[in-house]
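With mmCIF, C-alpha atoms inside, this is my_file13.cif:
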data_run
#
loop_
_atom_site.group_PDB
_atom_site.id
_atom_site.type_symbol
_atom_site.label_atom_id
_atom_site.label_comp_id
_atom_site.auth_asym_id
_atom_site.auth_seq_id
_atom_site.Cartn_x
_atom_site.Cartn_y
_atom_site.Cartn_z
ATOM 1 C CA MET A 16 2.930 -19.339 9.441
ATOM 2 C CA GLN A 17 -0.423 -18.202 10.844
ATOM 3 C CA GLU A 18 0.858 -18.326 14.432
ATOM 4 C CA ARG A 19 3.867 -16.204 13.471
ATOM 5 C CA ILE A 20 1.601 -13.703 11.736
ATOM 6 C CA VAL A 21 -0.646 -13.437 14.805
ATOM 7 C CA CYS A 22 2.407 -12.968 17.031
ATOM 8 C CA GLN A 23 3.957 -10.198 14.945
ATOM 9 C CA LEU A 24 0.648 -8.395 14.450
ATOM 10 C CA ALA A 25 -0.027 -8.537 18.184
ATOM 11 C CA GLY A 26 3.435 -7.151 18.887
ATOM 12 C CA ALA A 27 2.590 -4.190 16.654
ATOM 13 C CA GLY A 28 -0.758 -3.621 18.345
ATOM 14 C CA LEU A 29 -2.696 -5.029 15.391
ATOM 15 C CA ALA A 30 -5.392 -7.665 15.805
ATOM 16 C CA GLU A 31 -7.126 -9.503 12.951
ATOM 17 C CA SER A 32 -9.692 -12.291 12.757
ATOM 18 C CA SER A 33 -8.644 -15.886 12.122
ATOM 19 C CA ASP A 34 -10.124 -15.701 8.610
ATOM 20 C CA THR A 35 -8.089 -12.586 7.855
ATOM 21 C CA VAL A 36 -4.887 -14.150 9.200
ATOM 22 C CA SER A 37 -5.514 -17.257 7.086
ATOM 23 C CA ALA A 38 -5.934 -15.129 3.947
ATOM 24 C CA LEU A 39 -2.788 -13.132 4.790
ATOM 25 C CA ALA A 40 -0.832 -16.381 5.123
ATOM 26 C CA ASP A 41 -2.187 -17.560 1.762
ATOM 27 C CA PHE A 42 -1.113 -14.256 0.218
ATOM 28 C CA LEU A 43 2.469 -14.632 1.496
ATOM 29 C CA GLN A 44 2.587 -18.180 0.137
ATOM 30 C CA LEU A 45 1.454 -16.972 -3.291
ATOM 31 C CA LEU A 46 3.970 -14.138 -3.173
ATOM 32 C CA SER A 47 6.808 -16.520 -2.286
ATOM 33 C CA ARG A 48 5.828 -18.997 -4.995
ATOM 34 C CA TRP A 49 5.582 -16.402 -7.763
ATOM 35 C CA ASN A 50 8.697 -14.640 -6.518
ATOM 36 C CA GLU A 51 10.817 -17.628 -7.485
ATOM 37 C CA VAL A 52 10.110 -16.842 -11.141
ATOM 38 C CA HIS A 53 9.005 -13.226 -11.366
ATOM 39 C CA ASN A 54 11.183 -11.401 -8.786
ATOM 40 C CA LEU A 55 8.321 -9.651 -7.003
ATOM 41 C CA THR A 56 10.191 -8.885 -3.784
ATOM 42 C CA ALA A 57 13.765 -8.881 -2.512
ATOM 43 C CA ILE A 58 12.530 -9.942 0.923
ATOM 44 C CA THR A 59 12.369 -13.729 1.255
ATOM 45 C CA ASP A 60 12.892 -14.430 4.963
ATOM 46 C CA PRO A 61 9.469 -15.416 6.380
ATOM 47 C CA GLU A 62 9.744 -13.308 9.536
ATOM 48 C CA GLU A 63 10.874 -10.261 7.574
ATOM 49 C CA MET A 64 8.093 -10.797 5.041
ATOM 50 C CA ILE A 65 5.548 -10.697 7.850
ATOM 51 C CA GLN A 66 7.048 -7.497 9.243
ATOM 52 C CA ARG A 67 7.710 -5.611 6.008
ATOM 53 C CA HIS A 68 4.786 -6.873 3.942
ATOM 54 C CA LEU A 69 2.007 -7.435 6.472
ATOM 55 C CA VAL A 70 2.709 -5.310 9.550
ATOM 56 C CA GLU A 71 3.800 -2.264 7.527
ATOM 57 C CA SER A 72 0.788 -2.581 5.237
ATOM 58 C CA LEU A 73 -1.824 -3.147 7.924
ATOM 59 C CA ALA A 74 -0.442 -0.361 10.105
ATOM 60 C CA LEU A 75 -1.707 2.036 7.428
ATOM 61 C CA GLY A 76 -5.286 0.915 8.037
ATOM 62 C CA THR A 77 -6.157 3.496 10.687
ATOM 63 C CA PHE A 78 -4.985 6.274 8.352
ATOM 64 C CA LEU A 79 -7.197 5.315 5.396
ATOM 65 C CA ARG A 80 -9.808 7.864 4.383
ATOM 66 C CA GLY A 81 -13.046 7.004 2.594
ATOM 67 C CA ASN A 82 -13.946 3.888 0.614
ATOM 68 C CA ARG A 83 -12.047 4.299 -2.695
ATOM 69 C CA ILE A 84 -8.366 3.483 -2.262
ATOM 70 C CA ALA A 85 -5.649 3.504 -4.943
ATOM 71 C CA ASP A 86 -2.367 1.588 -4.555
ATOM 72 C CA VAL A 87 0.088 3.186 -6.993
ATOM 73 C CA GLY A 88 2.897 0.979 -8.302
ATOM 74 C CA SER A 89 1.409 -1.945 -6.416
ATOM 75 C CA GLY A 90 4.095 -4.420 -7.561
ATOM 76 C CA GLY A 91 3.595 -7.533 -5.477
ATOM 77 C CA GLY A 92 0.385 -6.093 -4.046
ATOM 78 C CA LEU A 93 1.876 -4.035 -1.265
ATOM 79 C CA PRO A 94 0.364 -2.448 0.680
ATOM 80 C CA GLY A 95 -2.902 -2.881 -1.232
ATOM 81 C CA ILE A 96 -3.543 -6.638 -0.951
ATOM 82 C CA PRO A 97 -3.096 -7.007 2.841
ATOM 83 C CA LEU A 98 -5.285 -3.947 3.372
ATOM 84 C CA ALA A 99 -7.926 -5.271 0.963
ATOM 85 C CA ILE A 100 -7.978 -8.544 2.909
ATOM 86 C CA ALA A 101 -8.408 -6.725 6.221
ATOM 87 C CA GLU A 102 -10.794 -4.026 4.918
ATOM 88 C CA PRO A 103 -13.377 -5.848 2.740
ATOM 89 C CA GLU A 104 -15.849 -2.941 2.888
ATOM 90 C CA ARG A 105 -13.426 -0.687 0.989
ATOM 91 C CA GLU A 106 -12.558 -0.860 -2.726
ATOM 92 C CA PHE A 107 -8.871 -1.047 -3.644
ATOM 93 C CA THR A 108 -7.598 -0.235 -7.123
ATOM 94 C CA LEU A 109 -4.129 -1.686 -7.667
ATOM 95 C CA ILE A 110 -2.231 0.227 -10.348
ATOM 96 C CA GLU A 111 0.728 -1.628 -11.863
ATOM 97 C CA SER A 112 2.464 -1.000 -15.191
ATOM 98 C CA ARG A 113 4.446 -4.264 -15.481
ATOM 99 C CA SER A 114 2.451 -7.056 -17.061
ATOM 100 C CA LYS A 115 3.848 -9.970 -15.015
ATOM 101 C CA ARG A 116 3.152 -8.172 -11.763
ATOM 102 C CA ALA A 117 -0.322 -7.182 -12.899
ATOM 103 C CA GLY A 118 -0.859 -10.850 -13.750
ATOM 104 C CA PHE A 119 0.178 -11.809 -10.240
ATOM 105 C CA LEU A 120 -2.263 -9.302 -8.755
ATOM 106 C CA ARG A 121 -5.102 -10.707 -10.843
ATOM 107 C CA HIS A 122 -4.141 -14.219 -9.736
ATOM 108 C CA VAL A 123 -4.203 -13.223 -6.050
ATOM 109 C CA LYS A 124 -7.567 -11.502 -6.518
ATOM 110 C CA ALA A 125 -9.024 -14.670 -8.040
ATOM 111 C CA VAL A 126 -7.472 -17.179 -5.622
ATOM 112 C CA LEU A 127 -8.368 -15.213 -2.493
ATOM 113 C CA GLY A 128 -11.774 -14.104 -3.813
ATOM 114 C CA LEU A 129 -11.073 -10.417 -3.288
ATOM 115 C CA ASP A 130 -14.168 -8.871 -4.842
ATOM 116 C CA ASN A 131 -13.129 -5.469 -3.471
ATOM 117 C CA VAL A 132 -9.970 -5.371 -5.628
ATOM 118 C CA VAL A 133 -9.634 -3.879 -9.114
ATOM 119 C CA VAL A 134 -6.367 -4.338 -11.030
ATOM 120 C CA GLU A 135 -5.377 -1.604 -13.478
ATOM 121 C CA HIS A 136 -2.527 -2.683 -15.759
ATOM 122 C CA ALA A 137 -1.279 0.783 -16.705
ATOM 123 C CA ARG A 138 1.068 3.576 -15.734
ATOM 124 C CA VAL A 139 -0.658 5.821 -13.234
ATOM 125 C CA GLU A 140 -0.099 8.923 -15.370
ATOM 126 C CA ASP A 141 -2.052 7.267 -18.205
ATOM 127 C CA LEU A 142 -5.191 6.800 -16.074
ATOM 128 C CA LEU A 143 -6.414 10.295 -16.763
ATOM 129 C CA THR A 144 -10.094 9.385 -16.953
ATOM 130 C CA ILE A 145 -10.248 7.397 -13.730
ATOM 131 C CA PRO A 146 -12.324 9.025 -10.957
ATOM 132 C CA PRO A 147 -10.382 10.514 -8.023
ATOM 133 C CA PHE A 148 -9.792 8.499 -4.872
ATOM 134 C CA ASP A 149 -10.282 9.099 -1.167
ATOM 135 C CA THR A 150 -6.849 7.674 -0.302
ATOM 136 C CA VAL A 151 -3.778 7.089 -2.459
ATOM 137 C CA LEU A 152 -1.109 4.627 -1.281
ATOM 138 C CA ALA A 153 2.485 4.628 -2.520
ATOM 139 C CA ARG A 154 5.390 2.538 -1.290
ATOM 140 C CA ALA A 155 8.831 3.533 -2.599
ATOM 141 C CA VAL A 156 7.387 4.590 -5.967
ATOM 142 C CA ALA A 157 9.211 7.866 -6.671
ATOM 143 C CA ALA A 158 10.610 10.957 -4.985
ATOM 144 C CA LEU A 159 7.750 12.850 -3.368
ATOM 145 C CA PRO A 160 7.593 15.797 -5.841
ATOM 146 C CA ASP A 161 7.639 13.355 -8.781
ATOM 147 C CA LEU A 162 5.039 11.156 -7.093
ATOM 148 C CA LEU A 163 2.682 14.105 -6.678
ATOM 149 C CA ASN A 164 3.154 15.056 -10.338
ATOM 150 C CA LEU A 165 2.265 11.497 -11.358
ATOM 151 C CA THR A 166 -0.751 11.136 -9.084
ATOM 152 C CA GLY A 167 -2.214 14.653 -8.866
ATOM 153 C CA HIS A 168 -5.143 13.734 -11.119
ATOM 154 C CA LEU A 169 -6.197 11.097 -8.565
ATOM 155 C CA PHE A 170 -6.722 13.780 -5.907
ATOM 156 C CA THR A 171 -9.651 15.872 -4.812
ATOM 157 C CA SER A 172 -9.306 18.553 -2.162
ATOM 158 C CA ASP A 173 -10.115 15.868 0.438
ATOM 159 C CA THR A 174 -7.819 13.090 -0.805
ATOM 160 C CA VAL A 175 -4.951 11.904 1.394
ATOM 161 C CA LEU A 176 -1.703 10.304 0.161
ATOM 162 C CA LEU A 177 -0.025 7.763 2.452
ATOM 163 C CA ALA A 178 3.583 7.419 1.320
ATOM 164 C CA LEU A 179 6.184 4.994 2.626
ATOM 165 C CA THR A 180 9.493 6.435 1.515
ATOM 166 C CA GLY A 181 13.139 6.842 2.368
ATOM 167 C CA GLU A 182 12.688 10.602 2.152
ATOM 168 C CA SER A 183 12.525 12.909 5.113
ATOM 169 C CA PHE A 184 12.676 16.627 5.835
ATOM 170 C CA VAL A 185 13.515 19.019 8.645
ATOM 171 C CA GLY A 186 10.689 19.300 11.186
ATOM 172 C CA ASN A 187 7.400 17.448 11.108
ATOM 173 C CA ILE A 188 5.525 19.401 8.422
ATOM 174 C CA ALA A 189 6.599 20.628 4.980
ATOM 175 C CA LYS A 190 4.721 22.668 2.375
ATOM 176 C CA LEU A 191 5.176 21.436 -1.189
ATOM 177 C CA GLU A 192 4.531 22.827 -4.644
ATOM 178 C CA GLY A 193 0.988 22.506 -5.934
ATOM 179 C CA GLY A 194 -0.592 23.376 -2.602
ATOM 180 C CA TYR A 195 0.313 20.102 -0.903
ATOM 181 C CA ARG A 196 1.328 19.625 2.717
ATOM 182 C CA ALA A 197 3.394 16.677 3.970
ATOM 183 C CA ARG A 198 3.378 15.532 7.580
ATOM 184 C CA ARG A 199 5.780 12.979 8.983
ATOM 185 C CA VAL A 200 4.186 10.402 11.280
ATOM 186 C CA GLY A 201 6.135 10.057 14.515
ATOM 187 C CA GLU A 202 6.415 7.497 17.279
ATOM 188 C CA PRO A 203 5.037 5.058 18.243
ATOM 189 C CA VAL A 204 3.644 4.405 14.751
ATOM 190 C CA ALA A 205 6.870 5.345 12.949
ATOM 191 C CA LYS A 206 8.812 2.496 14.577
ATOM 192 C CA LEU A 207 6.698 -0.025 12.651
ATOM 193 C CA PHE A 208 8.157 1.149 9.327
ATOM 194 C CA LYS A 209 11.560 0.975 7.707
ATOM 195 C CA GLY A 210 11.903 4.510 6.327
ATOM 196 C CA SER A 211 9.551 7.450 6.693
ATOM 197 C CA PHE A 212 5.757 7.374 6.746
ATOM 198 C CA LEU A 213 4.419 10.617 5.281
ATOM 199 C CA ILE A 214 0.827 11.832 5.067
ATOM 200 C CA VAL A 215 0.254 14.266 2.212
ATOM 201 C CA ASP A 216 -2.900 16.263 1.526
ATOM 202 C CA LYS A 217 -4.011 19.584 0.098
ATOM 203 C CA ASN A 218 -3.012 22.485 2.306
ATOM 204 C CA LYS A 219 -6.280 24.174 3.295
ATOM 205 C CA ASP A 220 -4.698 26.859 5.500
#
Would you give me this structure, written as structure tokens?
Amino acid sequence: MQERIVCQLAGAGLAESSDTVSALADFLQLLSRWNEVHNLTAITDPEEMIQRHLVESLALGTFLRGNRIADVGSGGGLPGIPLAIAEPEREFTLIESRSKRAGFLRHVKAVLGLDNVVVEHARVEDLLTIPPFDTVLARAVAALPDLLNLTGHLFTSDTVLLALTGESFVGNIAKLEGGYRARRVGEPVAKLFKGSFLIVDKNKD
């Protein structure tokens, strides 16, 4: 498994240490094991799991802003867990409303010793007292306008939202309600993702 991870990461222009690759392999094994009972992911082919769960997650790394990162609707820990493994100096808050999935996230945190991970078992809209974040991550959580309504309280004027979604729009930039601006990431980065990769922030123009 580790050799296949190294190969796919290298093919995507991503390089990680042997310790990081080992932890990523352990994460996929935990995900596969729990998936047999708790239906955490529809993707079960090992090669596709590496591409969709590891490559897609880690490709977001260069777009992270700041040290406080929120992963909204984390589910099976994607993209938050792979990024937390690769970025130990940053703090990742994984927000998940379903108890079994939150339990899985806590298990992964304990087994892999991820001291930079916090698991919040709650709906994101209920976390009204949580401090804002530097970066918010969302993978197929909701339509973009709904997602911004749910997560707006996590933003400051400098926060960036990295959204992996099936949505798209005409052109490369769109202005949204609430003073937000969405930019679609193009090639060569876009080819690493299935769907669109959008960067959303406050429009300061």
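Atom CA of A:Val123 to atom CA of A:Arg19 spans 21.3 Å [interatomic distance, one decimal].
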Which one is closest to A:Arg113: A:Gly128, A:Pro94, A:Gly28, A:Gly88? Count all atoms listed in the file.
-> A:Gly88
Which neighbours of A:Val151 fall inside 7 Å, counting all atoms listed in the file, when residues of the same chain fewer than 4 positions from it are skipped, and could you give them as a ChimeraX atom specification?
-> /A:84-86,175-177
Answer key for the PyMOL selection byres ((chain A and resi 167) around 10), residues as number ranges by chain = A: 139-140, 143, 147, 161-166, 168-171, 174, 193, 195
Each side padded by 5 Å, which centre and which edge lengths in Å (one decimal) define the axis-aligned box around the listed atoms of stretch 82-88 of chain A? Give them as AutoDock Vina command-line options.
--center_x -5.5 --center_y 2.6 --center_z -3.8 --size_x 26.8 --size_y 13.3 --size_z 18.9
Could you tell me which of A:Asp216, A:Asp149, A:Glu31, A:Glu18 comes closest to A:Leu98 if we count all atoms listed in the file?
->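 Of A:Asp216, A:Asp149, A:Glu31, A:Glu18, the one nearest A:Leu98 is A:Glu31, counting all atoms listed in the file.
In this comparison, which uses all atoms listed in the file, the residue of A:Ile65, A:Val70, A:Leu24, A:Leu191 approaching A:Phe208 most closely is A:Val70.
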Could you expand the PyMOL selection byres ((chain A and resi 47) around 12) into the explicit residues it covers here, written as a VMD selection string?
-> chain A and resid 40 to 46 48 to 61 64 to 65 68 91 119
Matched chain/residue IDs from the PyMOL selection byres ((chain A and resi 205) around 12), as a PyMOL selection string = chain A and resi 27+70-71+74-75+179-180+199-204+206-214
May I ask for the distance between atom CA of A:Ser33 and atom CA of A:Ala99, given in Å to one decimal place?
->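 Here the two named atoms are 15.4 Å from each other.
Among the candidates A:Asp173, A:Ala38, A:Asn82, A:Ala25, the one nearest to A:Lys124 when counting all atoms listed in the file is A:Ala38.
Atom CA of A:Arg196 is found 5.2 Å from atom CA of A:Asn218.
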Go through A:Ile100, A:Val134, A:Leu129, A:Leu93 one by one, measure the shortest atom-to-atom distance of each to A:Ser112 using all atoms listed in the file, and give the residue with the smallest value.
->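 Closest residue, counting all atoms listed in the file: A:Val134.
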Which of A:Leu73, A:Gly90, A:Asn131, A:Val156 sits closest to A:Lys115 [using all atoms listed in the file] | A:Gly90
Fewer than 4 positions away in the same chain doesn't count, so skip those; otherwise give me all residues within 9 Å of A:Ser32, counting all atoms listed in the file, as a PDB file with C-alpha atoms, in the frame of the given file.
ATOM      1  CA  VAL A  36      -4.887 -14.150   9.200  1.00  0.00           C
ATOM      2  CA  SER A  37      -5.514 -17.257   7.086  1.00  0.00           C
ATOM      3  CA  ALA A 101      -8.408  -6.725   6.221  1.00  0.00           C
TER       4      ALA A 101
END
Taking the point (2.6, -2.9, -11.7) as given in the file, collect each protein or nucleic acid residue that comes within 9 Å of it, counting all atoms listed in the file, and present the set as a ChimeraX atom specification.
-> /A:87-92,109-118,120,135-138
How would stretch 133-144 of chain A of the given structure read as a file with C-alpha atoms, as an mmCIF file, in the first residue's frame?
data_model
loop_
_atom_site.group_PDB
_atom_site.id
_atom_site.type_symbol
_atom_site.label_atom_id
_atom_site.label_comp_id
_atom_site.auth_asym_id
_atom_site.auth_seq_id
_atom_site.Cartn_x
_atom_site.Cartn_y
_atom_site.Cartn_z
ATOM 1 C CA VAL A 133 -10.078 18.404 17.346
ATOM 2 C CA VAL A 134 -13.349 16.556 16.680
ATOM 3 C CA GLU A 135 -16.577 18.528 17.051
ATOM 4 C CA HIS A 136 -19.642 16.270 17.080
ATOM 5 C CA ALA A 137 -22.211 18.871 16.026
ATOM 6 C CA ARG A 138 -23.909 20.492 13.070
ATOM 7 C CA VAL A 139 -21.775 23.358 11.845
ATOM 8 C CA GLU A 140 -24.629 25.857 12.181
ATOM 9 C CA ASP A 141 -24.859 25.023 15.903
ATOM 10 C CA LEU A 142 -21.220 25.986 16.574
ATOM 11 C CA LEU A 143 -22.053 29.639 16.952
ATOM 12 C CA THR A 144 -19.565 30.315 19.737
#
